[in-house]
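Have a look at protein_4.txt below; it lists compact mmCIF, C-alpha atoms and all ligand atoms.
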```txt
# COMPACT_ATOMS: atom_id res chain seq x y z
CA MET A 10 -0.53 4.39 -4.61
CA VAL A 11 1.30 7.46 -3.33
CA GLU A 12 4.28 6.85 -1.06
CA ILE A 13 6.19 9.24 1.19
CA LEU A 14 9.91 8.41 1.26
CA PRO A 15 11.69 9.93 4.27
CA SER A 16 15.21 11.02 3.33
CA ILE A 17 17.70 10.02 6.02
CA LEU A 18 19.95 12.92 4.99
CA ALA A 19 17.96 14.99 7.48
CA ALA A 20 18.09 12.33 10.24
CA ASP A 21 20.63 12.01 13.06
CA PHE A 22 23.29 9.70 11.57
CA ALA A 23 24.40 8.57 15.04
CA ARG A 24 20.90 7.19 15.74
CA LEU A 25 19.69 6.00 12.33
CA ALA A 26 17.95 2.85 13.55
CA ASP A 27 16.02 4.81 16.20
CA GLU A 28 15.16 7.52 13.69
CA ILE A 29 13.58 5.16 11.15
CA ALA A 30 11.88 2.65 13.47
CA PRO A 31 8.86 4.89 14.33
CA LEU A 32 8.31 5.59 10.64
CA GLU A 33 8.30 1.90 9.76
CA ALA A 34 5.88 1.32 12.66
CA ALA A 35 3.61 3.98 11.11
CA GLY A 36 3.51 1.98 7.87
CA CYS A 37 6.27 3.70 5.92
CA ARG A 38 7.35 1.35 3.13
CA MET A 39 10.22 3.14 1.42
CA LEU A 40 13.31 4.96 2.68
CA HIS A 41 15.39 7.38 0.60
CA VAL A 42 19.18 7.20 1.02
CA ASP A 43 21.33 10.01 -0.43
CA VAL A 44 24.84 9.11 -1.54
CA MET A 45 27.16 12.04 -2.38
CA ASP A 46 30.80 11.81 -3.43
CA GLY A 47 32.11 15.39 -3.36
CA HIS A 48 32.52 15.32 -7.17
CA PHE A 49 29.10 15.17 -8.78
CA VAL A 50 27.78 17.34 -5.95
CA PRO A 51 29.67 19.57 -3.50
CA ASN A 52 28.98 17.43 -0.44
CA PHE A 53 29.75 14.01 1.08
CA THR A 54 27.36 11.70 2.86
CA LEU A 55 27.62 7.96 3.22
CA GLY A 56 28.76 4.76 1.56
CA PRO A 57 27.88 1.05 1.26
CA PRO A 58 28.56 0.16 4.93
CA VAL A 59 25.71 2.45 6.03
CA VAL A 60 23.35 0.82 3.51
CA ALA A 61 24.42 -2.61 4.81
CA SER A 62 23.69 -1.49 8.40
CA LEU A 63 20.28 -0.10 7.42
CA ARG A 64 19.49 -3.36 5.63
CA LYS A 65 19.90 -5.20 8.95
CA VAL A 66 17.42 -3.01 10.84
CA THR A 67 14.57 -2.43 8.38
CA HIS A 68 12.33 -4.20 5.89
CA MET A 69 11.58 -0.94 4.11
CA THR A 70 12.55 -0.64 0.45
CA LEU A 71 15.91 1.12 0.33
CA ASP A 72 15.83 3.72 -2.46
CA VAL A 73 19.47 4.70 -2.96
CA HIS A 74 20.04 8.01 -4.77
CA LEU A 75 23.54 8.06 -6.26
CA MET A 76 24.73 11.64 -6.63
CA ILE A 77 28.16 10.44 -7.68
CA ALA A 78 30.42 10.82 -10.69
CA ASP A 79 30.91 7.11 -11.40
CA PRO A 80 27.63 5.27 -10.80
CA ASP A 81 28.64 2.35 -13.07
CA ARG A 82 31.46 1.47 -10.74
CA TYR A 83 29.57 1.78 -7.46
CA ALA A 84 25.95 0.78 -8.19
CA PRO A 85 26.71 -2.98 -7.93
CA ILE A 86 28.42 -2.40 -4.58
CA PHE A 87 25.37 -0.60 -3.19
CA ILE A 88 23.10 -3.37 -4.49
CA GLU A 89 25.32 -5.96 -2.82
CA ALA A 90 25.03 -3.93 0.41
CA GLY A 91 21.23 -4.18 0.28
CA ALA A 92 19.84 -1.43 -1.96
CA ASP A 93 16.52 -2.45 -3.56
CA GLN A 94 16.44 0.50 -5.94
CA ILE A 95 19.21 2.60 -7.40
CA ILE A 96 18.77 6.07 -8.86
CA VAL A 97 21.45 7.36 -11.21
CA HIS A 98 21.62 10.86 -12.65
CA GLN A 99 21.14 11.30 -16.38
CA GLU A 100 23.87 13.97 -16.18
CA ALA A 101 26.37 11.46 -14.72
CA CYS A 102 25.80 8.65 -17.25
CA VAL A 103 27.45 8.68 -20.67
CA HIS A 104 25.73 5.38 -21.53
CA LEU A 105 22.50 5.72 -19.61
CA ASP A 106 20.69 2.86 -21.34
CA ARG A 107 23.57 0.52 -20.49
CA THR A 108 23.74 1.71 -16.88
CA LEU A 109 20.01 1.19 -16.26
CA ARG A 110 20.13 -2.31 -17.75
CA MET A 111 23.22 -3.14 -15.68
CA ILE A 112 21.42 -2.13 -12.45
CA GLN A 113 18.46 -4.32 -13.40
CA SER A 114 20.72 -7.26 -14.22
CA GLU A 115 22.30 -6.88 -10.77
CA GLY A 116 18.84 -7.38 -9.27
CA ALA A 117 17.67 -3.87 -8.37
CA ARG A 118 15.07 -1.49 -9.76
CA ALA A 119 16.66 1.24 -11.86
CA GLY A 120 15.61 4.87 -11.51
CA VAL A 121 16.92 7.87 -13.40
CA ALA A 122 17.09 11.41 -12.02
CA ILE A 123 17.20 14.76 -13.81
CA ASN A 124 18.55 17.99 -12.31
CA PRO A 125 16.47 21.18 -12.38
CA ALA A 126 18.36 22.39 -15.50
CA THR A 127 17.83 19.15 -17.46
CA PRO A 128 14.75 18.99 -19.68
CA VAL A 129 12.38 16.02 -19.69
CA VAL A 130 13.18 15.34 -23.35
CA MET A 131 16.54 13.89 -22.25
CA LEU A 132 14.61 10.87 -20.93
CA ASP A 133 12.52 10.21 -24.02
CA GLU A 134 14.55 7.28 -25.31
CA ILE A 135 14.85 5.43 -21.99
CA LEU A 136 11.33 5.82 -20.54
CA ASP A 137 10.54 2.23 -21.42
CA VAL A 138 13.84 0.99 -19.94
CA ALA A 139 13.86 2.79 -16.58
CA ASP A 140 11.72 1.46 -13.74
CA TYR A 141 11.04 4.98 -12.44
CA VAL A 142 12.01 8.62 -12.90
CA LEU A 143 13.13 11.16 -10.29
CA VAL A 144 12.56 14.86 -10.90
CA MET A 145 14.93 16.91 -8.72
CA SER A 146 13.08 19.90 -7.31
CA VAL A 147 16.28 21.40 -5.84
CA ASN A 148 19.84 21.35 -7.12
CA PRO A 149 21.23 18.16 -5.56
CA GLY A 150 23.78 18.29 -2.76
CA PHE A 151 21.99 19.53 0.32
CA GLY A 152 18.83 19.02 2.30
CA GLY A 153 16.65 21.89 3.44
CA GLN A 154 16.62 23.85 0.17
CA LYS A 155 13.67 25.71 -1.33
CA PHE A 156 11.41 23.89 -3.79
CA ILE A 157 11.91 25.00 -7.43
CA PRO A 158 8.37 25.45 -8.82
CA ASN A 159 9.38 24.75 -12.45
CA SER A 160 9.81 21.10 -11.47
CA LEU A 161 6.00 20.79 -11.38
CA HIS A 162 5.91 21.66 -15.06
CA LYS A 163 8.42 18.86 -15.70
CA VAL A 164 6.33 16.39 -13.69
CA ARG A 165 3.29 17.30 -15.80
CA GLN A 166 5.29 16.81 -18.99
CA LEU A 167 6.43 13.39 -17.81
CA ALA A 168 2.93 12.41 -16.75
CA ALA A 169 1.67 13.36 -20.23
CA ARG A 170 4.41 11.32 -21.94
CA LYS A 171 3.55 8.32 -19.75
CA LYS A 172 -0.07 8.58 -20.78
CA GLU A 173 0.74 8.97 -24.49
CA ARG A 174 2.98 5.93 -24.44
CA GLY A 175 0.92 3.76 -22.08
CA LEU A 176 3.72 3.57 -19.50
CA HIS A 177 3.20 3.12 -15.78
CA LEU A 178 6.58 3.98 -14.30
CA PRO A 179 6.35 5.94 -11.04
CA ILE A 180 7.43 9.58 -10.97
CA GLU A 181 9.43 10.53 -7.86
CA ILE A 182 10.22 14.05 -6.66
CA ASP A 183 13.06 15.10 -4.36
CA GLY A 184 13.84 18.38 -2.64
CA GLY A 185 11.96 21.02 -0.69
CA VAL A 186 8.71 19.10 -0.38
CA ASP A 187 6.65 19.81 2.73
CA ALA A 188 3.06 19.86 3.98
CA GLU A 189 2.48 23.13 2.10
CA ASN A 190 3.27 21.85 -1.38
CA VAL A 191 2.82 18.05 -1.22
CA SER A 192 -0.76 18.19 -2.53
CA GLU A 193 0.28 20.22 -5.55
CA VAL A 194 3.16 17.82 -6.23
CA VAL A 195 0.85 14.80 -6.19
CA ASP A 196 -1.73 16.62 -8.26
CA ALA A 197 0.94 17.23 -10.93
CA GLY A 198 1.49 13.46 -11.25
CA VAL A 199 4.01 12.34 -8.61
CA GLN A 200 3.64 8.90 -6.98
CA TRP A 201 6.77 8.86 -4.79
CA VAL A 202 7.47 11.90 -2.62
CA VAL A 203 10.88 12.28 -0.95
CA ALA A 204 10.88 14.39 2.21
CA GLY A 205 13.86 15.07 4.47
CA SER A 206 13.69 18.21 6.61
CA SER A 207 9.91 18.30 6.63
CA ILE A 208 9.90 14.92 8.40
CA PHE A 209 13.04 14.72 10.52
CA HIS A 210 13.45 18.39 11.46
CA THR A 211 10.17 18.45 13.33
CA VAL A 212 9.10 17.83 16.91
CA ASN A 213 7.68 14.42 16.01
CA SER A 214 8.83 12.76 12.80
CA ARG A 215 6.14 10.07 12.94
CA THR A 216 3.36 12.65 13.13
CA ALA A 217 4.98 14.69 10.35
CA PHE A 218 5.16 11.54 8.18
CA GLU A 219 1.53 10.64 8.89
CA GLU A 220 0.35 14.17 8.06
CA MET A 221 2.28 14.27 4.79
CA ARG A 222 0.96 10.84 3.83
CA ALA A 223 -2.64 11.89 4.56
CA LEU A 224 -2.26 15.05 2.47
CA ALA A 225 -0.68 13.08 -0.38
CA GLN A 226 -3.34 10.38 -0.30
CA ASN A 227 -6.14 12.96 -0.28
CA ALA A 228 -4.63 14.76 -3.27
CA SER A 229 -4.26 11.44 -5.07
CA ALA A 230 -7.87 10.42 -4.32
CA ILE A 231 -9.18 13.76 -5.64
CA LYS A 232 -7.06 13.32 -8.78
CA VAL A 233 -8.56 9.88 -9.53
C1 LIG B 1 19.22 16.60 -2.04
C2 LIG B 1 18.79 15.19 -1.72
C3 LIG B 1 17.47 15.07 -1.06
C4 LIG B 1 17.37 15.73 0.28
C5 LIG B 1 16.00 16.36 0.34
O1 LIG B 1 20.34 16.56 -2.85
O2 LIG B 1 18.75 14.38 -2.89
O3 LIG B 1 17.03 13.72 -0.99
O4 LIG B 1 17.49 14.86 1.36
O5 LIG B 1 15.90 17.05 1.51
P1 LIG B 1 14.73 18.08 1.82
O6 LIG B 1 13.45 17.28 1.82
O7 LIG B 1 15.11 18.62 3.16
O8 LIG B 1 14.75 19.10 0.72
ZN ZN B 2 17.78 12.36 -2.82
```

For the structure just supplied, provide its representation as structure tokens.
Amino acid sequence: MVEILPSILAADFARLADEIAPLEAAGCRMLHVDVMDGHFVPNFTLGPPVVASLRKVTHMTLDVHLMIADPDRYAPIFIEAGADQIIVHQEACVHLDRTLRMIQSEGARAGVAINPATPVVMLDEILDVADYVLVMSVNPGFGGQKFIPNSLHKVRQLAARKKERGLHLPIEIDGGVDAENVSEVVDAGVQWVVAGSSIFHTVNSRTAFEEMRALAQNASAIKV
């Protein structure tokens, strides 16, 4: 099942509850929450109190993307605040296997992200530990960037490895995805599509979400 995950980075932070309510009403099941610390990436966003506030106003799965230098220290705090899923960056984890298992033992699903410059092979030894994989299709730090086409090649490589090894973990993509390229992204093997600007920076975010979902579901149906 293909899911569109709106990224609240592109939403109005002063009106978060109002921004996400129409999407949940449209059947959106997962919300992407970008956490940046000014160290791992050159930008700041939000911390655990915002996740705790979101938890109070939505039943959607909260997919929390930690673009931070010390995920081992903060992942449990975000889980305590209400995160259902935590993504850590391979590039930020010295002991990635340990970090993923720690997140799972704290009660959340554990995802691992790779930057555009990181090859898929870096995930080979933890594909049966992680619950899902995130391929960054922009360099992390900012919304509204241009999609890096080479990420499709990495998605195809991951999809092939999944098949070879009989694994079913979802592949997520994040950055620069819009109505123009969502079909291609799903066709390459993505199940979870993050979309920020292409949903919230539109006249009607609900309509934008519904259109993206329809395109993604059509591409997925053709694939099967
Ligand atoms: C970028 C973030 C993304 C961002 C995507 O570092 O991880 O989740 O919100 O935004 P768009 O869809 O605008 O590229
Ligand atoms: Zn993200």

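One distance worth recording is that between atom CA of Pro31 of chain A and atom CA of Leu71 of chain A, which is 16.1 Å.
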
Problem - Nearest candidate to Pro15 of chain A (options A:Ser207, A:Ala35, A:Tyr83, A:Val212; using only C-alpha atoms) - result: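 Nearest to Pro15 of chain A: A:Ser207.
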
Practice task
Write out as a count of residues only each polymer residue (protein, DNA or RNA) that has an atom no more than 10 Å from ligand LIG 1 (chain B), with all atoms listed in the file counted.
Solution key: 49

Problem - Residue nearest Leu132 of chain A - candidates A:Asn159, A:Ser114, A:Thr70, A:Gln166, atoms counted: all atoms listed in the file - result: A:Gln166

Problem - Of the listed residues A:Val144, A:Ala188, A:Lys232, A:Ala26, that which approaches ligand ZN 2 (chain B) most closely, counting all atoms listed in the file - result: A:Val144
